[in-house]
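Undergrad: One structure, as structure tokens, below. Some questions next.
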Amino acid sequence: MKLIVAIVQPNRLEAVKAALADVDVFRVTVMDAQGYGQQRGKTEVYRGREFTVSLLRKVQLMIAVNDEFLEPAIDTIVEASRSGESGAVGDGKIFVLPLEDCIRIRTGERGGEAI
Amino acid sequence: MKLIVAIVQPNRLEAVKAALADVDVFRVTVMDAQGYGQQRGKTEVYRGREFTVSLLRKVQLMIAVNDEFLEPAIDTIVEASRSGESGAVGDGKIFVLPLEDCIRIRTGERGGEAI
Amino acid sequence: MKLIVAIVQPNRLEAVKAALADVDVFRVTVMDAQGYGQQRGKTEVYRGREFTVSLLRKVQLMIAVNDEFLEPAIDTIVEASRSGESGAVGDGKIFVLPLEDCIRIRTGERGGEAI
Amino acid sequence: MKTKRLAPLSFCLLAVVLFFLSLFCPISYASADEAPPTWEKMSIEQKLDTLKSSALEVGDDGVVANSNLYVETNTLWTCLAAFLVFFMQAGFAAVECGFTRAKNACNIIMKNLMDFSIGSLSFWLVGFGLMFGVSYSGLFGTSDFLFDAGDNSFNWAFLIFQTVFCATAATIVSGAMAERTKFSSYLIYTVFITVIVYPIFGSWCWGGLFNGSGWLEGRGFLDFAGSTVVHSIGGWAALAGAIVLGPRIGKYKGKEIRAIPGHNIPLAALGVFILWLGWFGFNPGSTTAVGGGSFAFIAVTTNISAAAGALGAMIISWIMFKKPDPSFALNGALAGLVAITAGCDIIPVSYAALTGLLAGVLVVFSCVFFDRIHVDDPVGAVSVHGVCGAWGTLAIGLFATDVGLFNGGGTTQLVTQATGVGAAFLWSFSLSLALFYTIKVTVGLRVSEEEEIEGLDLTEHGIYAYPPAFVNGVQSAGGSTLGAAAPSAATSAIPSVEGA
Amino acid sequence: MKTKRLAPLSFCLLAVVLFFLSLFCPISYASADEAPPTWEKMSIEQKLDTLKSSALEVGDDGVVANSNLYVETNTLWTCLAAFLVFFMQAGFAAVECGFTRAKNACNIIMKNLMDFSIGSLSFWLVGFGLMFGVSYSGLFGTSDFLFDAGDNSFNWAFLIFQTVFCATAATIVSGAMAERTKFSSYLIYTVFITVIVYPIFGSWCWGGLFNGSGWLEGRGFLDFAGSTVVHSIGGWAALAGAIVLGPRIGKYKGKEIRAIPGHNIPLAALGVFILWLGWFGFNPGSTTAVGGGSFAFIAVTTNISAAAGALGAMIISWIMFKKPDPSFALNGALAGLVAITAGCDIIPVSYAALTGLLAGVLVVFSCVFFDRIHVDDPVGAVSVHGVCGAWGTLAIGLFATDVGLFNGGGTTQLVTQATGVGAAFLWSFSLSLALFYTIKVTVGLRVSEEEEIEGLDLTEHGIYAYPPAFVNGVQSAGGSTLGAAAPSAATSAIPSVEGA
Amino acid sequence: MKTKRLAPLSFCLLAVVLFFLSLFCPISYASADEAPPTWEKMSIEQKLDTLKSSALEVGDDGVVANSNLYVETNTLWTCLAAFLVFFMQAGFAAVECGFTRAKNACNIIMKNLMDFSIGSLSFWLVGFGLMFGVSYSGLFGTSDFLFDAGDNSFNWAFLIFQTVFCATAATIVSGAMAERTKFSSYLIYTVFITVIVYPIFGSWCWGGLFNGSGWLEGRGFLDFAGSTVVHSIGGWAALAGAIVLGPRIGKYKGKEIRAIPGHNIPLAALGVFILWLGWFGFNPGSTTAVGGGSFAFIAVTTNISAAAGALGAMIISWIMFKKPDPSFALNGALAGLVAITAGCDIIPVSYAALTGLLAGVLVVFSCVFFDRIHVDDPVGAVSVHGVCGAWGTLAIGLFATDVGLFNGGGTTQLVTQATGVGAAFLWSFSLSLALFYTIKVTVGLRVSEEEEIEGLDLTEHGIYAYPPAFVNGVQSAGGSTLGAAAPSAATSAIPSVEGA
Ligand SMILES: Nc1ncnc2c1ncn2[C@@H]1O[C@H](COP(=O)(O)OP(=O)(O)O)[C@@H](O)[C@H]1O
Ligand SMILES: Nc1ncnc2c1ncn2[C@@H]1O[C@H](COP(=O)(O)OP(=O)(O)O)[C@@H](O)[C@H]1O
Ligand SMILES: Nc1ncnc2c1ncn2[C@@H]1O[C@H](COP(=O)(O)OP(=O)(O)O)[C@@H](O)[C@H]1O
């Protein structure tokens with residue numbers, strides 16, 4: 001089992017969710033995030049003072065998958081979350097972590113069953 | 001050492017925290033999350049238009065534990081976060097990740113000591 | 001590759017970001033978090049009723065690094081996020097997780113390249 | 001992009017053009033009147049002409065309109081005061097909304113909007129007649145239903161003025177019953193208070209202002225602008241409601257009392273300022289006439305009492321809780337306003353300050369008291385309107401010029417005032433208690449536990465008042481806090497309320 | 001720390017001192033007037049002296065000022081009413097801001113501020129003359145530009161009163177065009193509506209109030225306070241704007257219509273209360289005179305219609321959508337206010353209730369209708385002001401005393417009213433359509449897609465209205481929802497939330 | 001559930017019943033007056049009777065009340081204007097709250113509430129006497145403490161009007177000292193400004209309005225409604241406060257100046273609209289009489305200047321910073337209002353527009369200037385009230401009818417105006433500087449660094465104004481930004497965001 005942690009642009013969230021459903025990934029946990037990377041920040045101006053907002057809004061998706069779903073899920077996310085055809089700086093990252101166990105709270109099931 | 005990541009219903013947060021304290025787990029980091037899974041979304045209506053809110057509010061708990069605390073912690077969370085006796089769809093998941101190291105910033109201690 | 005998850009005091013965020021840049025770590029994802037640990041909560045009072053706010057505001061940094069950057073990054077974070085010289089209770093923790101893979105969405109690059 | 005740069009330039013141009021154009025425009029505002037002769041030197045015809053030009057409306061054809069400037073000025077003032085009092089609805093809505101949680105914000109807004117709307121209609125249809133119609137042995141009015149003033153403009157002004165008063169009494173209740181009352185049941189109650197509870201008590205004290213005559217005014221009971229008639233009546237009904245409803249989930253846990261902070265104190269503060277403004281219509285406007293100009297004196301006592309109330313509550317909260325509490329200071333201002341309402345026309349300014357100061361102190365103790373006996377009143381409506389309304393009514397018996405105990409009068413007036421205060425409590429509290437209980441056992445008064453936890457906005461109205469993340473965010477606070485959909489579960493270290 | 005404990009104590013002290021000091025201050029407010037003799041027993045000189053002391057301003061030297069209390073009271077009332085109407089700008093700003101998303105809050109605020117500012121200047125420079133100057137064959141005024149009333153105070157009051165009316169018409173448009181219109185282009189349009197669209201139509205109906213004379217008033221068209229002249233004109237211009245602009249990204253997706261909830265319903269509600277208050281200047285103030293006191297009757301009809309409108313909209317939304325919808329109830333109150341504006345002086349109270357009730361029902365159907373034909377009007381401005389303005393104008397032909405079809409009159413008035421309603425639609429809609437189209441093809445009317453997704457606050461003004469986390473939080477809702485900086489883009493490219 | 005469906009139906013029913021009931025109610029509002037004969041044809045007795053019915057209050061027994069409609073109308077207008085000015089407190093609270101961070105929202109609200117409350121009491125006790133009592137050689141008043149107007153209603157109105165003016169001057173200060181001042185020390189200062197700074201300067205210019213007489217008015221200094229007396233006095237005190245306090249943590253970092261955006265621009269905008277409304281009491285109300293009706297002209301100049309100020313500030317900010325800045329546009333409207341306050345009665349409309357326009361421009365430059373010299377004024381109070389107050393006072397010397405340099409007058413008036421402006425600066429700035437410094441070295445003026453970082457709401461009042469997540473959320477901005485509980489600390493220790 002793996003835990004996929006994907007940082008994507010907020011406006012791709014829906015596209016990713018929809019695309020994941022197509023490869024039978026129906027469960028996901030979403031969180032607000034602020035990213036900092038190659039992408040340049042935005043400039044705001046208040047009372048004549050410019051200031052750069054260096055943390056940019058991102059969305060983090062966390063998806064626990066059984067191993068066989070890993071690659072399709074990654075491919076799907078990459079595809080659905082890329083801005084335009086060639087992508088843009090700031091489109092984000094996907095991290096894959098080993099997942100040792102998974103428990104469904106409702107039933108107490110464990111392991112691959114519970115994903 | 002393991003890192004427990006638990007997604008629970010927001011209204012179980014207090015119960016889980018209290019129950020964890022009973023098994024000597026006193027440290028936890030909590031984050032807002034939005035979940036998407038088997039549980040159906042809520043229907044809202046604005047100016048006559050219904051819309052389904054498919055992302056539902058959850059809370060994520062992150063708890064680093066030494067191995068001997070893992071099972072008690074999991075059992076405690078499962079028990080305290082289940083809705084009613086038989087649980088309800090949407091009650092959430094617990095993920096267990098391997099934790100390679102842990103550092104306490106205040107002292108610089110590392111490993112099991114620092115948990 | 002490792003995934004560093006650091007829980008720090010919100011007012012150290014800028015210092016940590018700046019210090020990380022000095023050791024060539026330029027990418028980071030930041031999230032709001034609420035912590036619960038040794039640090040005592042704050043007491044608020046509303047209409048004559050005191051209540052303790054036990055969850056305290058923290059910031060979580062998530063940084064994927066190649067192995068050779070791990071120790072410098074950890075040292076940097078510890079140093080930059082400590083309150084005052086000797087640190088204060090509540091200064092936070094750093095967790096190190098194994099990272100199996102990393103994909104840059106824009107290009108589809110994988111592994112160490114993509115960090 | 002191009003327009004962006006064009007726009008400021010073109011406006012600059014416009015401004016310059018404007019300016020030069022305007023220089024060519026001869027301004028001659030200063031008028032050079034020749035001073036007319038003094039009154040003594042005028043002939044009768046000259047005097048009459050001067051008076052005509054001042055006080056009469058004369059058509060182009062020289063015809064003098066059948067005008068009545070005196071009455072029209074009274075009518076105007078009464079209307080303006082009514083507009084100010086109307087605006088208090090916005091104040092109540094803001095205060096109640098700000099002092100409760102974000103998940104119930106739409107609901108409290110809707111209650112305030114609809115109780116005014118329904119109250120306006122039902123008071124016109126029925127309430128006004130019961131209050132001001134020809135009285136049936138001093139108990140209630142029997143005429144003037146579906147009120148029609150015909151071409152008597154002042155009476156129309158009187159109607160709108162009394163309507164907004166009635167709506168004030170009604171809207172007080174929503175605050176104490178906030179965050180857990182069924183919307184439809186609240187509407188049913190609104191009809192009831194605007195048709196029965198308020199107008200009938202009103203007829204006892206104020207019926208004589210129109211066609212009626214009430215037993216309390218007959219006994220010399222004084223309540224100039226309604227500390228008792230409006231505020232206590234509303235406050236005691238609120239108390240009945242809060243008791244029948246029971247506290248919000250998570251408010252009391254055994255002996256422990258939990259704070260459930262409001263979600264928007266600046267909104268509540270804005271509401272208090274609006275109410276304070278509205279009170280300048282409420283009290284001075286109750287003259288419904290400019291004659292004698294006593295509205296000015298009343299404006300002073302009203303303002304001083306409110307100021308002293310805010311000060312009193314702040315000081316007491318500072319002493320009792322170590323910090324000057326914003327919500328109590330705001331309540332204190334309102335307490336001062338409510339308290340001076342009864343005697344604003346006859347309590348000297350220095351005593352008005354004292355009345356307000358004591359009201360500010362009283363409201364803090366009262367809020368703490370009701371909390372201790374587990375009556376959950378999220379905005380302090382019972383203490384502000386019920387308790388301080390009673391205090392203010394009694395204050396006449398103590399401080400009023402001539403009749404007050406400390407001001408040369410004996411205890412007669414004080415006893416009469418106490419009678420009125422007691423009658424108001426008995427009437428409003430017991431009647432409301434009966435009604436709320438009836439609603440409870442028939443259609444139900446309170447939403448289900450899940451609905452309350454989810455928030456009334458979503459369950460009763462289908463939509464949140466703000467972006468969901470604001471309504472639902474994990475609160476820094478451990479438990480019983482702000483806007484959280486499920487907050488109260490368990491503070492600190494103990495199992496949750498909901499049953500864990 | 002020390003001061004903290006000192007401060008309350010010292011204030012206590014101050015309070016005590018204050019109180020004792022004040023006891024030494026003899027208060028003698030009750031004045032003991034000897035009653036003057038009755039009128040009949042007075043001599044002519046006594047009568048004249050009594051009148052003088054009441055109605056004239058007499059200097060210390062006995063010189064009687066050339067005063068005109070009647071006109072001055074009219075002037076005062078007109079000014080006060082203008083102030084109330086001015087305050088409606090705050091109401092519009094709050095309603096429009098609350099009903100749209102957080103990422104566009106500064107922008108909508110700026111539009112409201114600037115359209116009033118520009119409108120104030122341009123109406124004084126040009127608009128007033130076109131509306132009230134000497135008329136060119138009933139079509140537009142030709143004098144009184146750069147208006148200067150000299151020492152005629154009433155005319156200055158008339159100017160400010162008419163200015164705030166003009167600004168009301170202008171500001172209606174911003175709501176329907178919210179969240180996607182270029183700021184600079186909006187300003188251009190503002191100049192246009194305050195200089196051409198509103199004043200010229202105004203001159204047709206109201207020119208005769210000053211130096212003008214219009215063809216519609218000539219035919220007997222009745223619109224007392226501007227259901228058509230102000231609200232419909234604004235509403236139809238808004239319709240043209242919304243059509244030329246097109247819907248917000250993500251609002252319509254094929255046959256599917258998506259909700260884009262507002263970000264602050266309490267703010268919107270506060271706005272509605274402010275508008276309601278302002279309307280007490282708008283309608284009763286349109287008497288611009290106290291003579292006869294008919295403003296009081298008008299205040300009653302205005303209030304009853306608004307109340308009935310809120311009730312009507314709430315009931316209909318409850319029936320249609322299962323829940324009483326706050327945004328529709330708020331729109332309903334406004335609908336009732338707009339509808340009664342035309343006939344507030346001549347529609348009996350019971351019919352005023354009916355007019356409002358039907359307006360409340362109408363506004364819900366109208367909003368649903370425009371949504372169905374994919375005209376995206378975020379705040380319902382077209383329905384509230386355009387449609388209900390037309391309805392209210394026609395209501396005169398049905399319900400007005402004497403002339404109404406149901407009240408003894410025939411259909412003559414109804415036909416005249418329909419003419420006016422039609423003329424307003426043709427004039428405002430087609431002219432605005434032409435103008436918006438011209439702006440569109442020249443400097444551009446709409447921001448770019450990215451700017452719209454990012455939010456106009458950041459792209460047009462450089463700053464968010466709130467902390468970014470509030471503006472940008474992940475919404476519980478999947479897509480086209482509240483305040484999210486970038487919600488809709490994605491949803492337009494892929495299957496909808498509901499369908500995923 | 002059942003009630004949910006029952007409720008709308010039952011309301012429908014109620015509505016229908018209401019309607020049919022009402023049809024049976026004969027409405028006869030249109031009254032058929034027989035036109036009275038023209039004035040010329042009336043006998044003296046007829047004339048007198050007509051006048052009586054218009055201008056006198058006659059009891060049922062035919063007794064004519066000793067009424068004085070003229071004075072009563074003046075009293076009414078003065079009171080109404082005072083109510084509007086009172087409402088400015090809400091405006092100030094909203095503006096200051098919106099332009100600062102969420103973690104200090106309760107604190108700023110409390111300061112505004114308490115400075116008005118304390119000011120109301122202390123001005124009545126002491127301030128009024130110092131300002132309007134019999135003057136000691138033109139320097140300060142010596143009578144009328146613990147003011148009691150007895151049965152002179154107009155004087156009560158005068159008291160309340162002057163009280164709200166005094167409170168305005170006091171409340172200006174809180175904005176410039178926001179987010180870092182100790183609450184208890186602020187209260188001490190409030191007593192001081194309302195008892196000493198404002199009343200004594202006021203006695204120099206306005207003492208003659210009552211029993212006093214001041215040296216500045218003696219020299220012909222003109223300040224109709226208080227550009228200098230109220231606004232500059234408040235503004236310069238604010239400047240002293242901001243200087244003694246020092247900037248907020250994180251505002252200046254070496255040569256770098258950082259933005260600390262406000263947390264709620266719509267609230268600030270609502271505040272500006274409320275202030276604009278209040279100004280219609282402030283300026284026109286300063287006539288304290290309806291005679292001559294000049295309040296109407298004043299309303300026009302006030303409005304035009306405000307509009308031009310908003311426009312001017314918007315244009316300048318657009319040119320200077322590429323985007324039309326909402327906070328500057330809002331400041332601009334206030335700048336226009338402050339500037340015209342002195343000469344609103346004698347500056348022609350076109351020059352009023354110019355005065356406002358220049359004030360709008362000036363306020364932007366002034367804010368930038370004070371920022372550059374590291375005076376941290378979060379809301380721009382010094383620029384708006386101090387600088388533009390001075391500008392407006394000088395503008396009389398330039399633009400006023402007859403006396404203005406550009407309007408036929410010479411430089412005499414200009415010099416006199418400059419004297420007054422200078423005196424105000426010297427008096428208010430140096431006295432306040434001394435006082436703030438005294439407070440600083442005794443009880444302390446500023447909260448500790450930790451308290452400032454944590455936010456004054458929590459440390460001074462024990463509670464946040466909003467849900468903690470809103471107050472504390474990680475800001476998208478790197479550092480010195482919105483509402484964050486602890487933003488600036490870090491930035492002060494390390495290279496800035498921009499530099500990182
Ligand atoms: N090494 C990393 N650790 C944590 N988060 C990262 C890392 N690299 C990228 N991110 C996240 O991904 C987002 C996009 O990264 P960025 O460098 O701007 O674009 P790109 O990856 O396309 O070059 C960042 O804002 C950050 O949130
Ligand atoms: N595979 C998964 N990956 C990430 N989050 C998940 C996963 N499965 C469940 N969750 C989280 O747990 C929540 C509850 O899951 P759900 O499927 O609705 O209920 P249940 O697990 O009881 O069947 C979801 O809203 C989501 O936040
Ligand atoms: N075992 C843990 N699991 C998850 N989060 C932890 C853990 N230990 C500490 N934290 C996080 O670190 C923060 C600081 O911990 P705390 O115990 O208060 O201070 P310290 O680590 O300096 O003793 C906590 O508020 C919490 O967010």
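Following the order of the structure tokens, first chain is A, next is B, and so on, with residues numbered from 1 inside each chain and ligands from 1 in the order they appear.
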Distance cut-off 9 Å, counting only C-alpha atoms - which residues of chain B neighbour chain C? Return them as a PyMOL selection string.
TA: chain B and resi 3+26-32+64+97-108+114-115
Undergrad: Report, to one decimal in Å, the C-alpha RMSD of chain D against chain E after an in-order least-squares superposition over all those atoms.
TA: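 Result: 1.6 Å C-alpha RMSD.
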Undergrad: I'd like the neighbourhood of Val361 (chain F) as a list in words, where a residue qualifies if any of its atoms comes within 8 Å (using only C-alpha atoms), though same-chain residues fewer than 4 positions away should be ignored.
TA: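 Answer for this query is Gly309, Gly312, Ala313, Ile316, Gly332, Leu357 and Phe365 of chain F.
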Undergrad: Return as a PyMOL selection string the residues belonging to chain F that are within 7 Å of chain D, counting only C-alpha atoms.
TA: chain F and resi 3-4+7+27-31+36-39+51+53-57+67+69+72+75+79+83+87+90+105-106+109-110+114+117-118+120-121+153+156-157+160+315+318-319+348+350+354+460-462+465-470
Undergrad: Region 275-491 of chain F: which residues are alpha helix (DSSP H) by DSSP, as a PyMOL selection string?
TA: chain F and resi 275-282+294-321+326-341+349-372+381+388-399+412-441+449-454+456+468-472+488-491
Undergrad: What's the separation between CA of Arg47 (chain B) and CA of Ala259 (chain E), in Å to one decimal place?
TA: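 Straight-line distance from CA of Arg47 (chain B) to CA of Ala259 (chain E) works out to 7.5 Å.
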Undergrad: At a cut-off of 6 Å, list the chain A residues touching chain F, using only C-alpha atoms, as a count of residues only.
TA: 5
Undergrad: Rank nothing, just name the residue among C:Leu13, C:Ile63, C:Ala18, C:Met1 nearest to ligand 1, using only C-alpha atoms and all ligand atoms.
TA: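 Among C:Leu13, C:Ile63, C:Ala18, C:Met1, it is C:Ile63 that comes nearest to ligand 1.
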Undergrad: Just how far from CA of Ala169 (chain F) is CA of Leu414 (chain F), in Å to one decimal?
TA: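 So the two atoms, CA of Leu414 (chain F) and CA of Ala169 (chain F), lie 24.2 Å apart.
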Undergrad: Write out as an mmCIF file with N, CA and C atoms, in the first residue's frame the residues lying within 10 Å of Met177 (chain E), counting only C-alpha atoms and excluding same-chain residues fewer than 3 positions away.
TA:
```cif
data_model
loop_
_atom_site.group_PDB
_atom_site.id
_atom_site.type_symbol
_atom_site.label_atom_id
_atom_site.label_comp_id
_atom_site.auth_asym_id
_atom_site.auth_seq_id
_atom_site.Cartn_x
_atom_site.Cartn_y
_atom_site.Cartn_z
ATOM 1 N N ILE E 108 -16.411 45.552 -5.762
ATOM 2 C CA ILE E 108 -17.811 45.980 -5.738
ATOM 3 C C ILE E 108 -17.970 47.211 -4.851
ATOM 4 N N ILE E 172 -27.556 50.667 -9.129
ATOM 5 C CA ILE E 172 -28.279 49.406 -9.335
ATOM 6 C C ILE E 172 -27.531 48.502 -10.309
ATOM 7 N N VAL E 173 -26.936 49.141 -11.316
ATOM 8 C CA VAL E 173 -26.283 48.400 -12.386
ATOM 9 C C VAL E 173 -25.111 47.555 -11.887
ATOM 10 N N SER E 174 -24.389 48.087 -10.912
ATOM 11 C CA SER E 174 -23.173 47.384 -10.497
ATOM 12 C C SER E 174 -23.453 45.974 -9.984
ATOM 13 N N ARG E 180 -17.198 40.509 -12.794
ATOM 14 C CA ARG E 180 -16.556 40.256 -14.085
ATOM 15 C C ARG E 180 -16.346 41.504 -14.926
ATOM 16 N N THR E 181 -16.837 42.647 -14.483
ATOM 17 C CA THR E 181 -16.728 43.859 -15.291
ATOM 18 C C THR E 181 -15.415 44.592 -14.996
ATOM 19 N N LYS E 182 -14.809 45.076 -16.055
ATOM 20 C CA LYS E 182 -13.615 45.906 -15.928
ATOM 21 C C LYS E 182 -13.949 47.177 -15.144
ATOM 22 N N TYR E 186 -16.572 50.247 -16.247
ATOM 23 C CA TYR E 186 -17.732 50.545 -15.414
ATOM 24 C C TYR E 186 -17.824 52.039 -15.129
ATOM 25 N N ALA E 238 -29.179 47.458 -16.132
ATOM 26 C CA ALA E 238 -28.481 46.305 -15.562
ATOM 27 C C ALA E 238 -28.680 45.069 -16.428
ATOM 28 N N LEU E 239 -29.890 44.926 -16.929
ATOM 29 C CA LEU E 239 -30.174 43.780 -17.798
ATOM 30 C C LEU E 239 -29.302 43.827 -19.049
ATOM 31 N N ALA E 240 -29.261 45.010 -19.652
ATOM 32 C CA ALA E 240 -28.418 45.160 -20.841
ATOM 33 C C ALA E 240 -26.975 44.814 -20.516
ATOM 34 N N GLY E 241 -26.496 45.302 -19.386
ATOM 35 C CA GLY E 241 -25.122 45.031 -18.991
ATOM 36 C C GLY E 241 -24.867 43.548 -18.812
ATOM 37 N N ALA E 242 -25.783 42.885 -18.100
ATOM 38 C CA ALA E 242 -25.592 41.459 -17.838
ATOM 39 C C ALA E 242 -25.597 40.659 -19.136
ATOM 40 N N ILE E 243 -26.412 41.095 -20.081
ATOM 41 C CA ILE E 243 -26.474 40.375 -21.359
ATOM 42 C C ILE E 243 -25.195 40.570 -22.161
ATOM 43 N N VAL E 244 -24.756 41.816 -22.274
ATOM 44 C CA VAL E 244 -23.561 42.068 -23.077
ATOM 45 C C VAL E 244 -22.335 41.407 -22.445
ATOM 46 N N LEU E 245 -22.291 41.436 -21.118
ATOM 47 C CA LEU E 245 -21.151 40.832 -20.416
ATOM 48 C C LEU E 245 -21.106 39.326 -20.566
ATOM 49 N N GLY E 246 -22.261 38.694 -20.484
ATOM 50 C CA GLY E 246 -22.296 37.246 -20.393
ATOM 51 C C GLY E 246 -22.134 36.804 -18.951
ATOM 52 N N PRO E 247 -22.456 35.530 -18.722
ATOM 53 C CA PRO E 247 -22.439 35.035 -17.339
ATOM 54 C C PRO E 247 -21.026 34.868 -16.786
ATOM 55 N N ARG E 248 -20.940 34.807 -15.479
ATOM 56 C CA ARG E 248 -19.663 34.515 -14.838
ATOM 57 C C ARG E 248 -19.189 33.112 -15.232
ATOM 58 N N ASP E 376 -26.997 36.116 -16.155
ATOM 59 C CA ASP E 376 -26.402 35.930 -14.838
ATOM 60 C C ASP E 376 -26.382 37.252 -14.063
ATOM 61 N N ASP E 377 -27.253 37.328 -13.081
ATOM 62 C CA ASP E 377 -27.417 38.549 -12.285
ATOM 63 C C ASP E 377 -27.169 38.164 -10.823
ATOM 64 N N PRO E 378 -25.934 38.298 -10.368
ATOM 65 C CA PRO E 378 -25.555 37.744 -9.054
ATOM 66 C C PRO E 378 -26.427 38.189 -7.893
ATOM 67 N N VAL E 379 -26.936 39.403 -7.934
ATOM 68 C CA VAL E 379 -27.688 39.888 -6.776
ATOM 69 C C VAL E 379 -29.181 40.037 -7.048
ATOM 70 N N ALA E 381 -30.566 42.082 -9.300
ATOM 71 C CA ALA E 381 -30.891 43.492 -9.508
ATOM 72 C C ALA E 381 -31.960 43.696 -10.588
ATOM 73 N N ARG E 446 -15.166 43.418 -20.236
ATOM 74 C CA ARG E 446 -14.987 42.321 -19.277
ATOM 75 C C ARG E 446 -13.517 42.049 -19.030
#
```
Undergrad: Using DSSP on the backbone coordinates, identify all residues within region 8-90 of chain C classified as strand (DSSP E); present the result as a VMD selection string.
TA: chain C and resid 8 28 to 36 42 to 46 49 to 53 56 to 65
Undergrad: Within 10 Å of Thr168 (chain E), counting only C-alpha atoms, which residues show up once you throw out same-chain ones fewer than 5 positions away? Write them as a ChimeraX atom specification, please.
TA: /E:85-86,88-89,92,112,115-116,119,162-163,173,194,230-231,234
Undergrad: Output N, CA and C atoms for every residue in that selection, as a short mmCIF file (atom, residue, chain, number, x, y, z; two decimals), in the first residue's frame.
TA:
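New file selection-v2.cif:
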```
data_model
loop_
_atom_site.label_atom_id
_atom_site.label_comp_id
_atom_site.auth_asym_id
_atom_site.auth_seq_id
_atom_site.Cartn_x
_atom_site.Cartn_y
_atom_site.Cartn_z
N VAL E 85 -31.64 58.83 1.73
CA VAL E 85 -31.45 58.20 0.42
C VAL E 85 -29.96 58.02 0.14
N PHE E 86 -29.16 59.00 0.53
CA PHE E 86 -27.72 58.83 0.38
C PHE E 86 -27.26 57.54 1.05
N MET E 88 -28.62 54.87 1.32
CA MET E 88 -28.91 53.68 0.52
C MET E 88 -27.68 53.21 -0.25
N GLN E 89 -26.76 54.13 -0.54
CA GLN E 89 -25.52 53.72 -1.20
C GLN E 89 -24.78 52.69 -0.36
N PHE E 92 -26.71 49.44 -0.78
CA PHE E 92 -26.40 48.76 -2.04
C PHE E 92 -25.02 48.10 -1.97
N ASN E 112 -19.30 50.96 -6.05
CA ASN E 112 -20.37 51.71 -5.40
C ASN E 112 -19.90 53.08 -4.93
N ASP E 115 -19.26 55.23 -8.24
CA ASP E 115 -20.41 55.66 -9.05
C ASP E 115 -21.17 56.77 -8.32
N PHE E 116 -21.18 56.70 -7.01
CA PHE E 116 -21.82 57.81 -6.30
C PHE E 116 -21.00 59.09 -6.45
N GLY E 119 -21.18 60.26 -10.05
CA GLY E 119 -22.56 60.68 -10.30
C GLY E 119 -22.89 62.01 -9.64
N GLN E 162 -32.24 65.26 -5.65
CA GLN E 162 -32.24 64.66 -6.98
C GLN E 162 -30.91 63.97 -7.29
N THR E 163 -29.84 64.50 -6.72
CA THR E 163 -28.53 63.87 -6.94
C THR E 163 -28.50 62.45 -6.38
N VAL E 173 -26.94 49.14 -11.32
CA VAL E 173 -26.28 48.40 -12.39
C VAL E 173 -25.11 47.55 -11.89
N THR E 194 -25.49 58.62 -15.61
CA THR E 194 -25.85 59.79 -14.81
C THR E 194 -25.99 61.05 -15.66
N VAL E 230 -36.55 55.68 -11.50
CA VAL E 230 -35.27 55.33 -10.92
C VAL E 230 -34.98 53.84 -11.06
N HIS E 231 -35.90 53.01 -10.54
CA HIS E 231 -35.57 51.59 -10.40
C HIS E 231 -35.62 50.84 -11.71
N GLY E 234 -32.72 51.86 -13.89
CA GLY E 234 -31.51 51.17 -13.44
C GLY E 234 -31.55 49.69 -13.74
#
```
